[in-house]
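Structure first, then comments.
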Amino acid sequence: MEAWLPQLEGFRFAYPWLLWSLVLLPLLWLWLGRRRDAAAVGYSTLALLTGLGKKHGGRDGWFSHFLVTLALALLILALARPQSGQSYTKIRASGIDILLVLDVSSSMLAEDFTIGGTRASRLAAVKNVTKDFIADRSNDRMGIYAFAGKPFLVSPMTLDHEWLLKSLDERVQINFEIDGTAIGTAITSAANRLKDRESKSRIIVLLTDGTNNSGPIQPLTAAEAAEALDIKIYTIGTGTRGVALFPQLNRNRQQMRDMFGQPMYRRIQVQFDEETLQKIASMTGGKYFRATGSDSLKDIYDEIDQLEKTEVEVDQYEQFDEWFIYVLVPGGLLALLHLLLRYTFWRRLP
């Protein structure tokens, strides 16, 4: 897989260290202002010379000094070689295809995670950490499946991670219409999506908080099919064990509040098939993880990121236009103007 990434550099100097010479120009200005020309011929009186010219310092004055200083400044800028253009980065990635398969059943509403110190639902925490995982793997093709009672495609495999993040934010929502947890069917759908892709490695990251209770395909049967297709599955079991805190919802599926305006919750027993998730990972050469909080979930994604590292070769090219001539020519013209004035209107006696 190859990708060209243009990077606008804008304006730069090839030798920026030469610009430090500009700090000497104010000192040059002071020196020119204080300099006095020594007399070339001694006279008992200067009355005879009043019609021929005045002292250099009085003839050209500050304007002469200004021309010299400005010409030198432009010369220094020209030597620093101002440039504008772009650099290009050519990335050749080994190509890892990753399909994220996320549980969106109603049990993912349980609020046993935190985001920024505030209590949050499992789904909100999963989406928050998944965004970082997607952003960190910019060179991999990724896609998203969501599943409850049955799976549905959120985003096909893509390198457009901006689109992927938008789809994760907007389309990965709790599925009340077809509730349940169809782990086996979700694995099968994801494996079918990956089976014909030619890549170095094909990976499914399956995240769920429950046990398989929907769909015609059993999880281990689906895992056997994935193994035959050389697809590796990392499984993540998320949520606390035992009793979890769930929001109480009204008919419009909005959280109910008590007379004081506080959100209402209920406690329910959580069922979790950890053994099956372990077997799925083991059968396919993946690994099982247990996430009981936002920090542990982030650590899991970080570990998967390290286990499946993409090999990337980077070539960089630069294309810049030179602008020094546009500075050198005005500087040279100012220097010529100064010499012209010096030996005509501002001429001095030898």
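Chain lettering (A, B, ...) mirrors the order of the structure tokens, residue numbering begins at 1 for each chain separately, and ligand numbering begins at 1 in order of display.
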Problem set entry | Selection: 10 Å around Asp299 in chain A, only C-alpha atoms, excl. self and same-chain fewer than 5 positions, as a count of residues only | 6
Exercise. Would you give me, as a PyMOL selection string, the residues in range 259-324 of chain A that DSSP reads as strand (DSSP E or B)?
Worked result: chain A and resi 263+265-269+288-291+312-322
Write the residues of the preceding selection, restricted to N, CA and C atoms, as a PDB file, in the first residue's frame.
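Just written: part-v3.pdb:
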```pdb
ATOM      1  N   PRO A 263     -31.086  11.812  37.829  1.00  0.00           N
ATOM      2  CA  PRO A 263     -31.305  10.627  36.982  1.00  0.00           C
ATOM      3  C   PRO A 263     -31.571   9.388  37.834  1.00  0.00           C
ATOM      4  N   TYR A 265     -31.747   5.185  38.348  1.00  0.00           N
ATOM      5  CA  TYR A 265     -31.027   3.983  37.939  1.00  0.00           C
ATOM      6  C   TYR A 265     -31.665   2.750  38.572  1.00  0.00           C
ATOM      7  N   ARG A 266     -31.314   1.604  37.990  1.00  0.00           N
ATOM      8  CA  ARG A 266     -31.692   0.323  38.578  1.00  0.00           C
ATOM      9  C   ARG A 266     -30.490  -0.612  38.499  1.00  0.00           C
ATOM     10  N   ARG A 267     -30.438  -1.557  39.406  1.00  0.00           N
ATOM     11  CA  ARG A 267     -29.337  -2.511  39.430  1.00  0.00           C
ATOM     12  C   ARG A 267     -29.799  -3.838  38.857  1.00  0.00           C
ATOM     13  N   ILE A 268     -29.005  -4.366  37.913  1.00  0.00           N
ATOM     14  CA  ILE A 268     -29.367  -5.656  37.330  1.00  0.00           C
ATOM     15  C   ILE A 268     -28.135  -6.567  37.324  1.00  0.00           C
ATOM     16  N   GLN A 269     -28.419  -7.851  37.260  1.00  0.00           N
ATOM     17  CA  GLN A 269     -27.356  -8.849  37.236  1.00  0.00           C
ATOM     18  C   GLN A 269     -26.769  -8.952  35.832  1.00  0.00           C
ATOM     19  N   TYR A 288      -7.135 -12.706  24.563  1.00  0.00           N
ATOM     20  CA  TYR A 288      -8.320 -12.224  25.281  1.00  0.00           C
ATOM     21  C   TYR A 288      -7.901 -11.193  26.321  1.00  0.00           C
ATOM     22  N   PHE A 289      -8.749 -10.154  26.447  1.00  0.00           N
ATOM     23  CA  PHE A 289      -8.507  -9.105  27.436  1.00  0.00           C
ATOM     24  C   PHE A 289      -9.784  -8.866  28.236  1.00  0.00           C
ATOM     25  N   ARG A 290      -9.589  -8.403  29.465  1.00  0.00           N
ATOM     26  CA  ARG A 290     -10.730  -8.053  30.321  1.00  0.00           C
ATOM     27  C   ARG A 290     -10.620  -6.576  30.687  1.00  0.00           C
ATOM     28  N   ALA A 291     -11.651  -5.802  30.345  1.00  0.00           N
ATOM     29  CA  ALA A 291     -11.660  -4.366  30.627  1.00  0.00           C
ATOM     30  C   ALA A 291     -12.739  -4.064  31.653  1.00  0.00           C
ATOM     31  N   VAL A 312       6.335   0.440   8.180  1.00  0.00           N
ATOM     32  CA  VAL A 312       6.166   1.576   7.274  1.00  0.00           C
ATOM     33  C   VAL A 312       7.521   2.050   6.772  1.00  0.00           C
ATOM     34  N   GLU A 313       7.621   2.221   5.454  1.00  0.00           N
ATOM     35  CA  GLU A 313       8.792   2.844   4.854  1.00  0.00           C
ATOM     36  C   GLU A 313       8.384   4.221   4.358  1.00  0.00           C
ATOM     37  N   VAL A 314       9.211   5.211   4.642  1.00  0.00           N
ATOM     38  CA  VAL A 314       8.860   6.589   4.310  1.00  0.00           C
ATOM     39  C   VAL A 314       9.943   7.200   3.421  1.00  0.00           C
ATOM     40  N   ASP A 315       9.526   7.743   2.284  1.00  0.00           N
ATOM     41  CA  ASP A 315      10.412   8.529   1.417  1.00  0.00           C
ATOM     42  C   ASP A 315       9.899   9.962   1.403  1.00  0.00           C
ATOM     43  N   GLN A 316      10.817  10.907   1.492  1.00  0.00           N
ATOM     44  CA  GLN A 316      10.434  12.311   1.494  1.00  0.00           C
ATOM     45  C   GLN A 316      11.038  13.028   0.287  1.00  0.00           C
ATOM     46  N   TYR A 317      10.213  13.815  -0.345  1.00  0.00           N
ATOM     47  CA  TYR A 317      10.626  14.606  -1.502  1.00  0.00           C
ATOM     48  C   TYR A 317      10.253  16.066  -1.253  1.00  0.00           C
ATOM     49  N   GLU A 318      11.078  16.949  -1.820  1.00  0.00           N
ATOM     50  CA  GLU A 318      10.822  18.378  -1.644  1.00  0.00           C
ATOM     51  C   GLU A 318      10.785  19.067  -3.004  1.00  0.00           C
ATOM     52  N   GLN A 319       9.902  20.019  -3.123  1.00  0.00           N
ATOM     53  CA  GLN A 319       9.791  20.816  -4.336  1.00  0.00           C
ATOM     54  C   GLN A 319       9.600  22.275  -3.925  1.00  0.00           C
ATOM     55  N   PHE A 320      10.680  23.058  -4.068  1.00  0.00           N
ATOM     56  CA  PHE A 320      10.647  24.440  -3.606  1.00  0.00           C
ATOM     57  C   PHE A 320      11.082  25.385  -4.730  1.00  0.00           C
ATOM     58  N   ASP A 321      10.489  26.554  -4.749  1.00  0.00           N
ATOM     59  CA  ASP A 321      10.871  27.619  -5.668  1.00  0.00           C
ATOM     60  C   ASP A 321      11.805  28.587  -4.942  1.00  0.00           C
ATOM     61  N   GLU A 322      12.872  29.011  -5.656  1.00  0.00           N
ATOM     62  CA  GLU A 322      13.840  29.928  -5.076  1.00  0.00           C
ATOM     63  C   GLU A 322      13.358  31.378  -5.267  1.00  0.00           C
TER      64      GLU A 322
END
```
Problem set entry | Residue neighbourhood Leu159 in chain A, 8 Å, only C-alpha atoms, exclusion window fewer than 3 positions, as a list in words | Ser138, Asn139, Asp140, Arg141 and Met142 of chain A
For the residues selected in the previous step, produce a file with C-alpha atoms as a PDB file, in the first residue's frame.
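That gives us selection22.pdb:
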```pdb
ATOM      1  CA  SER A 138      -3.250   6.023  10.359  1.00  0.00           C
ATOM      2  CA  ASN A 139      -1.514   3.638   7.907  1.00  0.00           C
ATOM      3  CA  ASP A 140      -3.950   0.726   8.295  1.00  0.00           C
ATOM      4  CA  ARG A 141      -7.215   0.035   6.550  1.00  0.00           C
ATOM      5  CA  MET A 142      -9.946  -0.193   9.171  1.00  0.00           C
TER       6      MET A 142
END
```
For this session: Pull the helix (DSSP H, G or I) assignments for range 42-216 of chain A out of DSSP run on the backbone, and list those residues as a count of residues only.
Result: 68
Problem set entry | Shell of 10 Å around Phe176 in chain A, only C-alpha atoms, local chain residues under 4 positions omitted, as a PyMOL selection string | chain A and resi 104-106+148-149+180+253
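Residues within 8 Å of Thr284 in chain A, counting only C-alpha atoms and excluding same-chain residues fewer than 2 positions away, are Ala223, Glu224, Ala226, Glu227, Asp230, Ile231, Lys232, Ile233, Ile280, Ala281, Ser282 and Gly286 of chain A.
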For this session: Could you check which of A:Leu194, A:Leu153, A:Ile144, A:Leu307 is closest to Leu100 in chain A, using only C-alpha atoms?
Result: A:Ile144
